[in-house]
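What follows is the content of work03.cif (mmCIF, C-alpha atoms and all ligand atoms).
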data_upload
loop_
_atom_site.label_atom_id
_atom_site.label_comp_id
_atom_site.auth_asym_id
_atom_site.auth_seq_id
_atom_site.Cartn_x
_atom_site.Cartn_y
_atom_site.Cartn_z
CA MET A 1 -20.57 -8.33 26.46
CA SER A 2 -20.06 -8.01 22.72
CA ASP A 3 -16.50 -7.68 21.52
CA THR A 4 -17.17 -4.27 20.00
CA LYS A 5 -18.42 -2.99 23.37
CA ARG A 6 -15.27 -4.33 24.99
CA VAL A 7 -13.19 -2.56 22.33
CA VAL A 8 -14.93 0.73 23.07
CA GLU A 9 -14.04 0.37 26.75
CA LEU A 10 -10.45 -0.58 26.04
CA VAL A 11 -9.91 2.31 23.66
CA GLU A 12 -11.56 4.93 25.86
CA PRO A 13 -8.26 6.04 27.53
CA PHE A 14 -7.01 6.99 24.05
CA ALA A 15 -10.02 9.17 23.21
CA GLY A 16 -8.99 12.20 21.16
CA ARG A 17 -5.35 11.05 20.92
CA PRO A 18 -4.76 10.34 17.23
CA GLY A 19 -1.02 9.95 17.83
CA GLU A 20 -1.69 6.93 20.04
CA LEU A 21 -3.69 4.85 17.60
CA ILE A 22 -1.15 2.02 17.61
CA GLN A 23 -1.06 1.87 21.41
CA ALA A 24 -4.86 1.75 21.46
CA LEU A 25 -4.94 -1.13 18.98
CA HIS A 26 -2.19 -2.86 20.92
CA ARG A 27 -4.26 -2.74 24.07
CA VAL A 28 -7.26 -4.23 22.31
CA GLN A 29 -5.21 -7.04 20.84
CA SER A 30 -3.48 -7.90 24.11
CA GLU A 31 -6.84 -8.09 25.91
CA LEU A 32 -8.96 -9.81 23.27
CA GLY A 33 -6.31 -11.62 21.27
CA TYR A 34 -7.37 -9.71 18.16
CA VAL A 35 -8.90 -6.45 16.96
CA PRO A 36 -12.38 -7.29 15.67
CA SER A 37 -12.84 -6.16 12.08
CA GLY A 38 -16.20 -4.64 12.89
CA SER A 39 -14.74 -2.32 15.50
CA LYS A 40 -12.56 -0.23 13.16
CA GLN A 41 -15.16 2.50 12.77
CA SER A 42 -15.66 2.87 16.53
CA VAL A 43 -11.92 2.94 17.19
CA ALA A 44 -11.55 5.66 14.54
CA GLU A 45 -14.28 7.80 16.08
CA ILE A 46 -12.96 7.49 19.62
CA VAL A 47 -9.26 7.96 18.88
CA GLY A 48 -10.00 10.70 16.35
CA VAL A 49 -8.54 9.44 13.08
CA PRO A 50 -10.17 8.61 9.74
CA PRO A 51 -11.39 4.99 9.50
CA ALA A 52 -9.00 4.59 6.57
CA GLU A 53 -6.09 5.11 8.94
CA VAL A 54 -7.24 2.41 11.35
CA HIS A 55 -7.68 0.02 8.45
CA GLY A 56 -4.29 0.99 7.05
CA VAL A 57 -2.47 0.38 10.34
CA LEU A 58 -4.26 -2.90 11.05
CA THR A 59 -3.46 -4.33 7.64
CA PHE A 60 0.09 -2.94 7.43
CA TYR A 61 1.48 -4.59 10.55
CA HIS A 62 1.49 -8.36 10.47
CA PHE A 63 1.34 -8.26 14.25
CA PHE A 64 -2.33 -7.30 14.25
CA ARG A 65 -5.01 -9.87 13.60
CA THR A 66 -8.63 -8.99 12.89
CA GLU A 67 -10.11 -12.42 13.43
CA ALA A 68 -10.36 -14.31 16.70
CA PRO A 69 -7.50 -16.80 17.02
CA GLY A 70 -8.25 -20.49 17.60
CA GLN A 71 -7.97 -22.16 21.01
CA HIS A 72 -4.46 -23.34 20.09
CA THR A 73 -1.84 -21.55 18.02
CA ILE A 74 0.57 -23.59 15.94
CA ARG A 75 3.73 -21.66 15.10
CA LEU A 76 5.69 -23.44 12.43
CA CYS A 77 9.23 -22.20 11.95
CA LEU A 78 10.03 -21.18 8.39
CA GLY A 79 13.52 -19.95 9.27
CA THR A 80 16.65 -20.91 7.39
CA ALA A 81 17.64 -24.04 9.34
CA CYS A 82 14.08 -25.37 9.32
CA HIS A 83 13.67 -24.51 5.67
CA VAL A 84 16.80 -26.45 4.78
CA ARG A 85 15.48 -29.44 6.72
CA GLY A 86 12.13 -29.53 4.97
CA ALA A 87 9.81 -27.09 6.74
CA ASP A 88 8.02 -26.52 3.44
CA ARG A 89 6.85 -30.14 3.38
CA VAL A 90 5.78 -29.93 7.00
CA LEU A 91 3.86 -26.76 6.18
CA GLN A 92 2.09 -28.49 3.30
CA ALA A 93 1.14 -31.38 5.61
CA LEU A 94 -0.23 -28.98 8.22
CA MET A 95 -2.19 -27.02 5.65
CA ASP A 96 -3.69 -30.25 4.29
CA GLU A 97 -4.48 -31.57 7.75
CA LEU A 98 -6.00 -28.32 9.05
CA LYS A 99 -7.43 -27.12 5.73
CA VAL A 100 -6.17 -23.58 6.34
CA GLY A 101 -3.31 -21.48 5.03
CA ILE A 102 -0.78 -19.50 7.03
CA GLY A 103 -2.62 -17.06 9.28
CA GLY A 104 -5.83 -19.07 9.03
CA THR A 105 -7.99 -20.57 11.77
CA THR A 106 -9.66 -23.96 11.36
CA GLU A 107 -13.40 -24.03 10.80
CA ASP A 108 -14.00 -25.52 14.26
CA GLY A 109 -11.96 -22.72 15.85
CA VAL A 110 -9.48 -25.11 17.47
CA PHE A 111 -6.24 -24.22 15.65
CA THR A 112 -4.64 -21.13 14.19
CA LEU A 113 -1.66 -21.78 11.94
CA GLU A 114 1.16 -19.27 11.90
CA GLY A 115 4.51 -19.17 10.13
CA VAL A 116 7.37 -17.67 12.14
CA ARG A 117 11.07 -16.97 11.59
CA CYS A 118 13.42 -19.01 13.78
CA LEU A 119 12.21 -20.18 17.16
CA GLY A 120 15.78 -20.36 18.39
CA ALA A 121 15.80 -24.15 18.36
CA CYS A 122 17.58 -24.72 15.06
CA GLY A 123 19.24 -27.88 16.41
CA LEU A 124 15.78 -29.47 16.43
CA ALA A 125 14.86 -28.31 12.93
CA PRO A 126 12.23 -28.45 11.57
CA VAL A 127 10.44 -27.10 14.62
CA MET A 128 6.96 -25.97 15.55
CA MET A 129 5.32 -24.83 18.74
CA VAL A 130 1.78 -25.66 19.75
CA ASP A 131 1.02 -22.95 22.27
CA GLU A 132 3.99 -23.28 24.66
CA GLU A 133 4.99 -26.83 23.65
CA VAL A 134 7.95 -27.38 21.35
CA HIS A 135 7.92 -30.18 18.78
CA GLY A 136 11.18 -30.78 16.93
CA ARG A 137 12.69 -32.99 14.23
CA LEU A 138 9.39 -32.92 12.43
CA ASP A 139 8.42 -34.58 9.22
CA PRO A 140 5.03 -34.38 7.55
CA GLY A 141 3.72 -37.50 9.32
CA LYS A 142 4.92 -36.42 12.74
CA ALA A 143 3.39 -32.96 12.33
CA ARG A 144 0.04 -34.47 11.41
CA SER A 145 0.05 -36.75 14.43
CA VAL A 146 0.88 -33.87 16.80
CA VAL A 147 -2.22 -32.10 15.49
CA ARG A 148 -4.37 -35.21 15.81
CA ASP A 149 -3.15 -35.89 19.35
CA HIS A 150 -4.12 -32.37 20.34
CA ARG A 151 -7.53 -32.82 18.83
CA THR A 152 -8.22 -36.03 20.76
CA ALA A 153 -6.63 -34.79 23.97
CA ARG A 154 -8.26 -31.38 24.28
CA GLY A 155 -10.04 -30.73 20.98
CA MET B 1 15.81 34.41 -5.44
CA ILE B 2 17.92 31.33 -5.84
CA THR B 3 19.97 30.72 -8.95
CA LEU B 4 20.75 27.23 -10.07
CA GLU B 5 21.52 25.34 -13.25
CA ILE B 6 19.12 22.81 -14.71
CA ALA B 7 19.84 21.01 -17.97
CA GLY B 8 22.66 23.45 -18.72
CA ARG B 9 20.52 26.55 -18.23
CA GLN B 10 20.61 29.22 -15.58
CA VAL B 11 17.29 29.10 -13.76
CA GLN B 12 15.82 31.23 -10.99
CA ALA B 13 13.62 29.87 -8.25
CA LEU B 14 12.05 30.95 -4.98
CA PRO B 15 13.42 29.52 -1.77
CA GLY B 16 11.46 26.39 -0.88
CA GLN B 17 10.55 25.56 -4.46
CA THR B 18 11.34 22.10 -5.73
CA ILE B 19 13.70 21.33 -8.60
CA LEU B 20 10.67 20.20 -10.59
CA GLU B 21 8.85 23.49 -10.04
CA ALA B 22 11.93 25.47 -11.03
CA ALA B 23 12.39 23.34 -14.15
CA GLU B 24 8.75 23.62 -15.19
CA ALA B 25 8.76 27.39 -14.71
CA ALA B 26 11.75 27.54 -17.06
CA GLY B 27 10.04 25.31 -19.60
CA ILE B 28 12.28 22.31 -18.94
CA HIS B 29 10.29 19.09 -19.04
CA ILE B 30 10.87 16.29 -16.53
CA PRO B 31 8.61 13.21 -16.58
CA THR B 32 6.38 12.77 -13.50
CA LEU B 33 3.59 10.49 -12.38
CA CYS B 34 2.76 10.67 -8.67
CA ASN B 35 3.25 14.43 -8.56
CA LEU B 36 0.21 16.62 -9.11
CA LYS B 37 0.22 20.38 -8.85
CA GLY B 38 -1.79 21.42 -5.82
CA LEU B 39 -1.01 18.29 -3.79
CA THR B 40 1.86 17.71 -1.35
CA PRO B 41 4.76 16.01 -3.14
CA ARG B 42 5.06 12.40 -2.12
CA GLY B 43 8.06 11.06 -4.04
CA ALA B 44 6.30 7.75 -4.58
CA CYS B 45 7.02 6.88 -8.21
CA ARG B 46 10.62 8.09 -8.74
CA LEU B 47 10.04 8.82 -12.42
CA CYS B 48 11.10 12.43 -11.94
CA LEU B 49 14.63 11.45 -10.88
CA VAL B 50 17.39 13.92 -11.76
CA GLU B 51 21.14 13.92 -11.12
CA VAL B 52 22.52 16.66 -8.92
CA THR B 53 26.08 17.16 -10.15
CA SER B 54 26.87 19.49 -7.27
CA TRP B 55 25.98 16.64 -4.90
CA ARG B 56 28.47 14.30 -6.56
CA GLY B 57 25.93 13.02 -9.05
CA LYS B 58 23.38 11.96 -6.45
CA VAL B 59 20.07 10.91 -8.00
CA VAL B 60 17.05 12.52 -6.31
CA PRO B 61 13.31 12.87 -7.05
CA SER B 62 12.97 16.39 -8.43
CA CYS B 63 9.36 16.73 -7.21
CA ALA B 64 10.43 16.28 -3.61
CA THR B 65 13.83 18.00 -3.56
CA VAL B 66 14.12 21.68 -2.69
CA VAL B 67 16.39 23.96 -4.74
CA GLU B 68 19.68 25.19 -3.40
CA GLU B 69 21.83 28.17 -4.42
CA GLY B 70 24.41 27.20 -7.02
CA MET B 71 23.03 23.69 -7.51
CA THR B 72 23.67 22.00 -10.87
CA VAL B 73 21.07 19.54 -12.04
CA VAL B 74 21.14 17.12 -14.97
CA ALA B 75 17.57 16.49 -16.13
CA HIS B 76 18.30 14.20 -19.06
CA SER B 77 21.11 11.68 -19.49
CA ALA B 78 21.60 8.10 -20.56
CA ARG B 79 21.71 7.02 -16.93
CA LEU B 80 18.46 8.82 -16.08
CA ARG B 81 16.77 7.46 -19.14
CA GLU B 82 17.65 3.91 -18.13
CA LEU B 83 16.52 4.46 -14.53
CA ARG B 84 13.21 6.00 -15.56
CA ARG B 85 12.58 3.35 -18.10
CA THR B 86 13.26 0.54 -15.61
CA ILE B 87 10.91 2.13 -13.09
CA LEU B 88 8.24 2.42 -15.72
CA GLU B 89 8.66 -1.19 -16.79
CA LEU B 90 8.30 -2.30 -13.18
CA LEU B 91 5.06 -0.32 -12.91
CA PHE B 92 3.69 -1.98 -16.00
CA ALA B 93 4.80 -5.43 -14.84
CA GLU B 94 3.34 -5.01 -11.36
CA ARG B 95 -0.35 -5.13 -12.32
CA ASN B 96 -2.51 -5.52 -15.39
CA HIS B 97 -2.12 -2.74 -17.90
CA ILE B 98 -3.86 -4.01 -20.99
CA CYS B 99 -4.38 -0.65 -22.64
CA SER B 100 -6.53 -1.92 -25.48
CA VAL B 101 -9.35 -2.82 -23.08
CA CYS B 102 -8.85 0.01 -20.59
CA VAL B 103 -11.23 2.90 -20.04
CA SER B 104 -8.28 5.29 -20.06
CA ASN B 105 -6.73 4.14 -23.34
CA GLY B 106 -5.55 7.28 -25.12
CA ASN B 107 -6.02 9.45 -22.03
CA CYS B 108 -3.65 7.89 -19.55
CA GLU B 109 -0.57 9.41 -17.93
CA LEU B 110 1.09 6.00 -17.56
CA GLN B 111 0.58 5.25 -21.23
CA ASP B 112 1.87 8.70 -22.18
CA LEU B 113 5.03 8.05 -20.17
CA ALA B 114 5.57 4.75 -21.98
CA CYS B 115 5.42 6.63 -25.29
CA GLU B 116 7.60 9.45 -24.05
CA LEU B 117 10.30 7.13 -22.69
CA GLY B 118 10.14 4.82 -25.70
CA MET B 119 9.13 1.79 -23.68
CA ASP B 120 8.57 -0.68 -26.49
CA HIS B 121 8.80 -3.78 -24.30
CA VAL B 122 9.09 -4.86 -20.66
CA ARG B 123 12.21 -6.77 -19.62
CA VAL B 124 10.86 -8.25 -16.39
CA PRO B 125 8.11 -10.88 -16.16
CA TYR B 126 4.59 -9.54 -15.70
CA ARG B 127 3.11 -10.43 -12.34
CA PHE B 128 -0.51 -10.32 -13.50
CA PRO B 129 -2.06 -10.48 -10.04
CA ALA B 130 -5.79 -11.16 -10.01
CA LEU B 131 -7.01 -8.07 -8.18
CA GLY B 132 -10.58 -7.04 -7.65
CA MET B 133 -12.69 -4.08 -8.62
CA ASP B 134 -15.15 -2.22 -6.44
CA ALA B 135 -18.12 -1.08 -8.47
CA SER B 136 -20.42 -0.71 -5.48
CA HIS B 137 -20.63 3.07 -5.69
CA ALA B 138 -23.38 4.52 -7.87
CA ARG B 139 -21.06 6.90 -9.72
CA TYR B 140 -17.49 5.65 -9.47
CA VAL B 141 -15.48 2.47 -9.80
CA VAL B 142 -12.02 1.49 -8.55
CA ASP B 143 -10.11 -1.13 -10.52
CA HIS B 144 -7.04 -2.14 -8.52
CA ASN B 145 -5.55 -3.85 -11.53
CA ARG B 146 -4.73 -0.45 -13.04
CA CYS B 147 -3.53 1.27 -9.88
CA VAL B 148 0.09 2.44 -9.65
CA LEU B 149 -0.18 3.40 -5.96
CA CYS B 150 0.75 6.99 -6.68
CA GLY B 151 -1.49 8.16 -3.84
CA ARG B 152 -2.97 11.05 -5.82
CA CYS B 153 -6.49 9.94 -4.89
CA VAL B 154 -5.50 9.65 -1.23
CA ARG B 155 -4.00 13.15 -1.20
CA ALA B 156 -6.78 14.77 -3.25
CA CYS B 157 -9.38 13.32 -0.91
CA SER B 158 -7.65 14.39 2.29
CA GLU B 159 -5.89 17.60 1.26
CA ILE B 160 -8.46 19.12 -1.09
CA GLU B 161 -11.81 17.63 -0.17
CA GLY B 162 -10.94 16.99 3.48
CA ALA B 163 -12.98 13.79 3.48
CA MET B 164 -10.06 11.41 4.17
CA THR B 165 -11.94 8.54 2.61
CA TRP B 166 -8.98 6.93 0.84
CA GLY B 167 -5.99 5.33 2.46
CA PHE B 168 -3.44 2.65 1.73
CA ALA B 169 -4.06 -0.81 3.12
CA HIS B 170 -1.82 -3.87 3.43
CA ARG B 171 1.86 -3.63 2.56
CA GLY B 172 4.57 -4.29 0.02
CA VAL B 173 3.39 -6.04 -3.08
CA ASP B 174 -0.09 -6.43 -1.54
CA THR B 175 -0.66 -2.70 -1.04
CA VAL B 176 -3.98 -1.38 -2.31
CA VAL B 177 -5.95 1.81 -1.92
CA ALA B 178 -9.03 1.39 0.25
CA THR B 179 -12.01 3.45 1.35
CA ASP B 180 -12.69 3.93 5.06
CA ALA B 181 -12.36 0.71 7.02
CA GLY B 182 -11.85 -1.31 3.85
CA GLY B 183 -15.51 -1.98 3.11
CA PRO B 184 -17.26 -1.36 -0.20
CA TRP B 185 -17.03 2.26 -1.40
CA VAL B 186 -20.80 2.63 -1.33
CA ASP B 187 -20.74 2.08 2.45
CA SER B 188 -18.26 4.89 3.04
CA SER B 189 -19.50 7.27 5.69
CA THR B 190 -16.91 9.93 4.80
CA CYS B 191 -17.08 10.12 0.98
CA THR B 192 -18.89 13.23 -0.24
CA GLU B 193 -19.10 11.92 -3.83
CA CYS B 194 -17.16 14.94 -5.05
CA GLY B 195 -15.26 12.88 -7.63
CA LYS B 196 -11.90 14.59 -7.11
CA CYS B 197 -10.17 11.24 -6.60
CA VAL B 198 -11.31 10.09 -10.02
CA GLU B 199 -10.09 13.29 -11.68
CA ALA B 200 -6.74 13.12 -9.87
CA CYS B 201 -6.03 9.48 -10.74
CA PRO B 202 -3.49 9.29 -13.60
CA THR B 203 -4.56 5.86 -14.85
CA GLY B 204 -7.73 3.86 -15.40
CA ALA B 205 -7.80 2.76 -11.75
CA LEU B 206 -10.50 5.22 -10.77
CA LEU B 207 -13.22 5.78 -13.28
CA ASP B 208 -16.69 7.13 -13.75
CA LYS B 209 -19.23 4.35 -13.77
CA GLY B 210 -20.57 3.63 -17.22
CA THR B 211 -17.44 4.56 -19.13
CA SER B 212 -16.24 2.01 -21.63
CA VAL B 213 -12.93 1.43 -23.42
CA ALA B 214 -11.07 4.71 -24.12
CA GLU B 215 -14.00 6.81 -22.91
CA GLN B 216 -12.62 8.02 -19.61
CA VAL B 217 -11.24 11.55 -19.81
CA LYS B 218 -9.87 13.12 -16.65
CA ASP B 219 -9.20 16.61 -15.43
CA PRO B 220 -6.42 16.40 -12.83
CA GLU B 221 -5.91 20.17 -12.99
CA VAL B 222 -9.11 20.49 -10.98
CA VAL B 223 -6.85 20.12 -7.96
CA SER B 224 -4.65 23.14 -8.70
CA ARG B 225 -7.67 25.20 -9.79
CA VAL B 226 -9.12 24.64 -6.35
CA THR B 227 -5.89 25.35 -4.47
CA GLU B 228 -5.19 28.51 -6.46
CA ARG B 229 -8.60 29.95 -5.63
CA ARG B 230 -8.41 28.86 -2.06
CA PRO B 231 -5.00 30.04 -0.93
CA ARG B 232 -3.80 28.65 2.34
CA ALA B 233 -2.15 30.67 5.08
S1 LIG C 301 -15.47 11.28 -4.32
FE1 LIG C 301 -14.44 12.95 -3.18
S2 LIG C 301 -14.88 12.48 -1.04
FE2 LIG C 301 -15.35 10.62 -2.21
S3 LIG C 301 -13.50 9.45 -2.11
FE3 LIG C 301 -13.37 10.66 -3.98
S4 LIG C 301 -12.26 12.53 -3.38
FE4 LIG C 301 -12.92 11.55 -1.51
S1 LIG C 302 -6.32 4.69 -7.64
FE1 LIG C 302 -5.34 6.06 -9.14
S2 LIG C 302 -4.80 7.89 -7.96
FE2 LIG C 302 -5.23 6.29 -6.48
S3 LIG C 302 -3.21 5.40 -6.03
FE3 LIG C 302 -4.13 4.15 -7.67
S4 LIG C 302 -3.36 5.05 -9.57
FE4 LIG C 302 -2.99 6.56 -7.94
S1 LIG C 303 15.36 -21.78 11.82
FE1 LIG C 303 13.77 -22.88 12.75
S2 LIG C 303 14.29 -22.79 14.85
FE2 LIG C 303 15.87 -21.63 13.93
S1 LIG C 304 6.75 12.49 -9.68
FE1 LIG C 304 8.44 12.71 -8.34
S2 LIG C 304 8.53 10.78 -7.37
FE2 LIG C 304 6.71 10.64 -8.57
#
Representation of the structure as structure tokens:
Amino acid sequence: MSDTKRVVELVEPFAGRPGELIQALHRVQSELGYVPSGSKQSVAEIVGVPPAEVHGVLTFYHFFRTEAPGQHTIRLCLGTACHVRGADRVLQALMDELKVGIGGTTEDGVFTLEGVRCLGACGLAPVMMVDEEVHGRLDPGKARSVVRDHRTARG
Amino acid sequence: MITLEIAGRQVQALPGQTILEAAEAAGIHIPTLCNLKGLTPRGACRLCLVEVTSWRGKVVPSCATVVEEGMTVVAHSARLRELRRTILELLFAERNHICSVCVSNGNCELQDLACELGMDHVRVPYRFPALGMDASHARYVVDHNRCVLCGRCVRACSEIEGAMTWGFAHRGVDTVVATDAGGPWVDSSTCTECGKCVEACPTGALLDKGTSVAEQVKDPEVVSRVTERRPRA
């Protein structure tokens, strides 16, 4: 089933309820992992708001993504403790290795890179999570090898 | 009738009127940008700030503040001048306002404000973002580099034309106006090509296709002409 068709089904309970646009989009994202860009028009028609409003909400909240995430999500902490301990250099290494910026997904669809604020593991700074796995005391080289290991192990 | 004092003068206003409306009716000028007669006040630009002495000198946007009996309002002071000027400088610094190559040169509300407030230079660094233009539509163009995010186009399109084509997208420093789901204007399924957004826009951000430097002349009063002839309940 195409993603847009799935979206139409997911949004159906919110038909004619313009006040519940955010809840409708939330449902789509929690089921599909994202709100497909091409579905904005259909969501607008079903929920009963102008397309401009759907676009506005989707782009305003960083929570929503309009592109399918990769198989694995890398969340690099850019919080204070990690920043002080060199998260910016780790970020640069990850961006070079993956050839994407923050919020981007690699061309092969394996990784999505995200920047987050404090993972609550400041003692291990700089920290990143690959899906549910925590990797601490990172430096640029270590971050690169975590990515490469994932590629060879499950890529 | 409500009686209040604006700029040292006794002024009368109807309940529910804004300080700006009361001032204008009495011939007292207050600079504005995002406000446009006929559209809902939005309080977006803050250029119309005034000091309400009777509220312990509180600074409020006159376009979005309703009059009160016995209120005393300062419309011009050194403090207000500095505030307005800073706001204006920030607007100029935020995008790319190179008047000499702009379609609206000589017919621009932002430029007029710079003259009025004596803005001879900008004290903050220019950001000069590289923003795009959308010239996909057969008749109109949007140039985000000249947009001040006043929302006049958004309100004209929804409140007057009822098309709801325009909205704001993204946030903070990345905010832009966008048509429908963010696609090219020409693909808009809601736009009726009425052109009210272009007329309402105070700068060279929305323009008629084919206009060159200093050729764009706008008629923002089209909005109030429509609302006056089409009174709402
Ligand atoms: S031309 Fe009219 S309908 Fe189209 S976007 Fe502008 S105001 Fe809205
Ligand atoms: S395009 Fe014009 S009217 Fe619309 S927000 Fe920008 S400056 Fe204001
Ligand atoms: S700042 Fe990075 S884990 Fe707390
Ligand atoms: S004119 Fe009042 S806030 Fe813009």
Let me know the centre plus edge lengths, in Å and rounded to one decimal, of a box with edges along x, y and z that contains all listed atoms of ligand LIG 302 (chain C) and is padded by 4 Å on every side, as JSON.
{"center_x": -4.7, "center_y": 6.0, "center_z": -7.8, "size_x": 11.3, "size_y": 11.7, "size_z": 11.5}
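Excluding Phe14 (chain A) and any residue on its chain fewer than 3 positions from it, the residues at most 12 Å away by only C-alpha atoms are Val7, Val8, Glu9, Leu10, Val11, Arg17, Pro18, Gly19, Glu20, Leu21, Ile22, Gln23, Ala24, Leu25, His26, Arg27, Val28, Val43, Ala44, Glu45, Ile46, Val47, Gly48 and Val49 of chain A.
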Show me which bits of chain B are within 6 Å of chain A, counting only C-alpha atoms, as a PDB file with C-alpha atoms, keeping the file's coordinate frame.
ATOM      1  CA  GLY B 167      -5.990   5.330   2.460  1.00  0.00           C
ATOM      2  CA  PHE B 168      -3.440   2.650   1.730  1.00  0.00           C
ATOM      3  CA  ALA B 169      -4.060  -0.810   3.120  1.00  0.00           C
ATOM      4  CA  HIS B 170      -1.820  -3.870   3.430  1.00  0.00           C
ATOM      5  CA  ARG B 171       1.860  -3.630   2.560  1.00  0.00           C
ATOM      6  CA  ASP B 180     -12.690   3.930   5.060  1.00  0.00           C
ATOM      7  CA  ALA B 181     -12.360   0.710   7.020  1.00  0.00           C
TER       8      ALA B 181
END
Work out how far apart CA of Leu47 (chain B) and CA of Leu20 (chain B) are and give it in Å to one decimal.
11.5 Å
Please produce, as CSV, a per-residue contact table for chain B versus ligand LIG 301 (chain C) (criterion: any atom at most 6 Å away, only C-alpha atoms and all ligand atoms considered), showing the nearest atom pair and its distance in Å to one decimal, sorted by chain then residue number.
residue,atom,partner,partner_atom,distance
B:Ala156,CA,C:LIG301,S4,5.9
B:Cys157,CA,C:LIG301,S4,3.9
B:Ala163,CA,C:LIG301,S2,5.1
B:Thr165,CA,C:LIG301,S3,5.1
B:Trp166,CA,C:LIG301,S3,6.0
B:Cys191,CA,C:LIG301,FE2,3.7
B:Thr192,CA,C:LIG301,S2,4.2
B:Glu193,CA,C:LIG301,S1,3.7
B:Cys194,CA,C:LIG301,FE1,3.9
B:Gly195,CA,C:LIG301,S1,3.7
B:Lys196,CA,C:LIG301,S4,4.3
B:Cys197,CA,C:LIG301,S4,4.0
